[in-house]
Amino acid sequence: MTGWLDALIQGVLLGGLYALLAAGLSLMFGVMRLVNLAHGDLIVLAAFAILVLAGKLGLDPFVAVLVALPILFVVGFALQHVLLNRTLGRDLLPPLLVTFGLSIIIENGLLQLFSADSQRLRSGAIETASIPLGGGIAVGVVPLLTLLSAISMIVLLNLIFYRTPIGRAFRATSDDLEVAQLMGVDHRRIFAVAMGLAFVVITIAALYLGLRANFDPTIGPARLLYAFEAVIIGGLGSFWGTLAGGIVLGLAQTIGARIDPEWQILAGHLAFLAVLVIRPRGLFPRAQD
Amino acid sequence: MDETASRPAQTFRIKTAGRTSHVAVVAAIAILLVLTLLPVFASRTLIQDMIFLFYMLALAQCWNLLAGYAGLISVGQQAFVGLGGYLLFALTLVGGLNPLLAIPIAGVIAALFALPTALVVFRLRGAYFAIGTWVVAEVYRLGFAQVKPLGGGTGTSLTPAVTSSVSGIEWVRMLLDVRTPAARDIISYWVALALMAGTLAAVYLILRSRRGLALGAIRDHETAAASVGVDIYRIRFAVYVATAAMTGMIGALVYLQKARISPDAAFAVLDWTAYVIFIVIIGGIGTMEGPVIGAIIFYLMQRYLADFGAWYLILLGVLGILVMLFAPRGLWGHVAERYGLTLFPTRRRLVVDG
């Protein structure tokens, strides 16, 4: 019994990580209708950026991430402005294939620079610290921080989207691009800012990804799939839905792993497909597309 | 006064084949003949290279039909390559079937798998469909990793008893005076040639049929196609299942030739989808000629640049992005536009006489 309760708690905590991985993707879907196949590789890229900054400057990853954030905001802004804005339009193919190409470039670029060795972000005692809950169940401090960061991130994103002028512009371009342009919104700049913001989310996700487990340049595509599943399970267009989707995925994986360790990933995918069959628009849908 | 009488009489015809395409038919027959006889004088390395070229071309033609015509951008076709490969292993190692018979059966079973798969992934539209197909391919990979009789996560090899049971080996060995492994390659070569030519013929016939007209309409404008009565869902479903069958047969051939299978290799997104997309994009999506040119370019790059490893893949990524941004119709698209060439006449043009 304790084992199952433990699996449930760990599943929710794992869901926090998946919600963080998915929040950036959800933002890109939401604002520019961009389906970014390089999302997982961008998270891995950000994790390597934190690793290098922490190593070179001798900083703790939690401090290094503060240095990484503005740099990656600029990288995201530039990526959208220079490359991805060119791909947007009625045709589906260009954004999909350009981001697919980007995914291959990032993965192999990282392999060339850092080799296929596993890496990890090191932050001393906090990595292994845990809080006992009694009854033989304990929660790790880092997983708990991950979930809390995911929740704060979603509160923050909702505040930006619904309480600020730039958020209004995000929603306007998302609802009707042409009308927004008529009202004087420069959608190219809005999209670039949104991508910069998405990169901030990606960098926070990368911090916890690197603290919780080993990473190497090839793990990107799997993270893309988890993030995508969380977004679709939750329903497009809602950040809280994405959090719920992440938790559903986390629970499915830990429960699957509890039955047979080899089933962890498969159970997550099957839960996603089951949601697709039963509720094709996700659990908490908002957007039409 | 009668309005119509004052106008000169006009008649309309639908024209498909042009002069270049008649020449192309003759050329295609000649090329097919030369390729069939190639093993008589070609080296074993060349034969092996040609097998690779043929199956990549056939895969590209399938993906082009899916993405270029039906608008189904899949990044999960590795699901059916791997499935075909595993079915070949299951049918020969466990079922004791002759490998050459196992290839078409693998295609049929792949189509049966595609039916429920389509029901699930078709709930996702457009770009979401793309990632959905990828998830399905991962489910197939993780599923086959659980099948212990086929080696589980580490995979398995075809036994010599199976590889030597390919029919015709003795005959080729006697006829062309080669060793058994070379004879095996030659049989695989002929199968690959037949599959490649068969895929080209199948895609061509589909595009020339009534359904093909509907597919072209979907490619050009989905809403307009629906408004003139094209049942988009049904035709997409049919294309998805048909390409799964073809892809499954190609997968079976690939793994008969490789004689060793593992889940990670058989369901690799890079080998069976990324390369294939690169071929179609470079050559020209939405044309039948494009994948042919793309496959030849890809084969040459693979042969001369693959040793550069990660740099080679980065180059492929950069080239793919540049073509997508600056020449989205690919090499053939530009050639065809400039010179009005068509080798596979799948387009219908309205000709006004008088």
# chains A, B, ... in the order shown; residues from 1 in each chain; ligands from 1
call {"tool": "closest_atom_pairs", "arguments": {"of": "chain A", "to": "chain B", "cutoff": "6 Å", "atoms": "only C-alpha atoms", "output": "Markdown table"}}
result
| residue | atom | partner | partner_atom | distance |
| --- | --- | --- | --- | --- |
| A:Val98 | CA | B:Ile321 | CA | 5.1 |
| A:Gly101 | CA | B:Gly317 | CA | 4.4 |
| A:Ile105 | CA | B:Ile314 | CA | 4.7 |
| A:Asn108 | CA | B:Ala310 | CA | 5.1 |
call {"tool": "write_last_selection", "arguments": {"atoms": "N, CA and C atoms", "output": "short mmCIF file (atom, residue, chain, number, x, y, z; two decimals), in the first residue's frame"}}
result
data_model
loop_
_atom_site.label_atom_id
_atom_site.label_comp_id
_atom_site.auth_asym_id
_atom_site.auth_seq_id
_atom_site.Cartn_x
_atom_site.Cartn_y
_atom_site.Cartn_z
N VAL A 98 11.78 22.94 -40.77
CA VAL A 98 12.91 23.76 -40.32
C VAL A 98 13.25 23.41 -38.88
N GLY A 101 15.02 20.07 -38.86
CA GLY A 101 16.42 20.26 -39.24
C GLY A 101 17.23 20.83 -38.09
N ILE A 105 20.61 19.49 -36.18
CA ILE A 105 21.81 20.33 -36.07
C ILE A 105 22.23 20.47 -34.61
N ASN A 108 23.59 17.07 -33.10
CA ASN A 108 24.92 16.69 -33.58
C ASN A 108 25.98 17.72 -33.23
#
call {"tool": "residues_around", "arguments": {"residues": "Val201 in chain A", "least_positions_apart": "3", "cutoff": "9 Å", "atoms": "only C-alpha atoms", "output": "list in words"}}
result
Leu20, Leu21, Ala23, Gly24, Leu69, Met153, Gly196, Leu197, Ala198, Ile204, Ala205 and Ala206 of chain A
call {"tool": "residues_around", "arguments": {"residues": "Thr247 in chain B", "least_positions_apart": "4", "cutoff": "9 Å", "atoms": "only C-alpha atoms", "output": "MDAnalysis selection string"}}
result
chainID B and resid 58:59 62:63 77:78 80:81 84 107 110 242:243 251:252
call {"tool": "write_last_selection", "arguments": {"atoms": "N, CA and C atoms", "output": "short mmCIF file (atom, residue, chain, number, x, y, z; two decimals), in the first residue's frame"}}
result
data_model
loop_
_atom_site.label_atom_id
_atom_site.label_comp_id
_atom_site.auth_asym_id
_atom_site.auth_seq_id
_atom_site.Cartn_x
_atom_site.Cartn_y
_atom_site.Cartn_z
N ALA B 58 12.30 4.21 -52.68
CA ALA B 58 10.94 3.72 -52.48
C ALA B 58 10.31 4.34 -51.23
N LEU B 59 11.11 4.43 -50.14
CA LEU B 59 10.60 5.06 -48.92
C LEU B 59 10.25 6.52 -49.17
N CYS B 62 7.02 6.93 -50.99
CA CYS B 62 5.89 6.72 -50.08
C CYS B 62 5.64 7.97 -49.24
N TRP B 63 6.72 8.55 -48.68
CA TRP B 63 6.55 9.73 -47.82
C TRP B 63 6.03 10.90 -48.63
N GLN B 77 7.21 7.36 -39.86
CA GLN B 77 7.16 6.24 -40.81
C GLN B 77 8.10 5.12 -40.40
N GLN B 78 9.07 5.44 -39.51
CA GLN B 78 9.94 4.37 -39.00
C GLN B 78 9.12 3.28 -38.31
N PHE B 80 6.59 1.76 -39.49
CA PHE B 80 6.25 0.70 -40.44
C PHE B 80 7.49 0.05 -41.04
N VAL B 81 8.61 0.78 -41.10
CA VAL B 81 9.86 0.14 -41.51
C VAL B 81 10.24 -0.92 -40.48
N GLY B 84 7.79 -3.87 -40.45
CA GLY B 84 8.05 -4.78 -41.56
C GLY B 84 9.26 -5.65 -41.27
N GLY B 107 3.90 -6.88 -45.63
CA GLY B 107 3.18 -5.69 -46.10
C GLY B 107 1.72 -5.72 -45.73
N ALA B 110 1.38 -5.16 -42.02
CA ALA B 110 1.65 -3.76 -41.69
C ALA B 110 0.41 -2.91 -41.96
N ALA B 242 -2.23 2.45 -47.36
CA ALA B 242 -1.49 1.95 -48.52
C ALA B 242 0.01 2.20 -48.36
N THR B 243 0.40 3.40 -47.89
CA THR B 243 1.84 3.66 -47.73
C THR B 243 2.40 2.80 -46.60
N GLY B 251 10.60 -2.28 -45.41
CA GLY B 251 11.26 -2.60 -44.14
C GLY B 251 11.66 -4.06 -44.07
N ALA B 252 10.76 -4.94 -44.53
CA ALA B 252 11.06 -6.38 -44.52
C ALA B 252 12.28 -6.68 -45.39
#
call {"tool": "residues_around", "arguments": {"residues": "Met56 in chain B", "least_positions_apart": "3", "cutoff": "8 Å", "atoms": "only C-alpha atoms", "output": "CSV table (one decimal) with C-alpha atoms, in the first residue's frame"}}
result
chain,number,residue,atom,x,y,z
B,52,PHE,CA,20.4,1.1,-50.5
B,53,LEU,CA,19.5,3.6,-53.2
B,59,LEU,CA,10.6,5.1,-48.9
B,60,ALA,CA,10.9,8.6,-50.2
B,276,VAL,CA,13.7,10.3,-46.3
B,295,ALA,CA,17.6,9.9,-53.6
call {"tool": "select_by_dssp", "arguments": {"residues": "range 159-287 of chain B", "states": "helix (DSSP H, G or I)", "output": "PyMOL selection string"}}
result
chain B and resi 160-163+169-176+180-208+210-220+222-227+232-258+263-266+269-283
call {"tool": "atom_distance", "arguments": {"atom1": "CA of Ala224 in chain B", "atom2": "CA of Leu92 in chain A"}}
result
17.0 Å
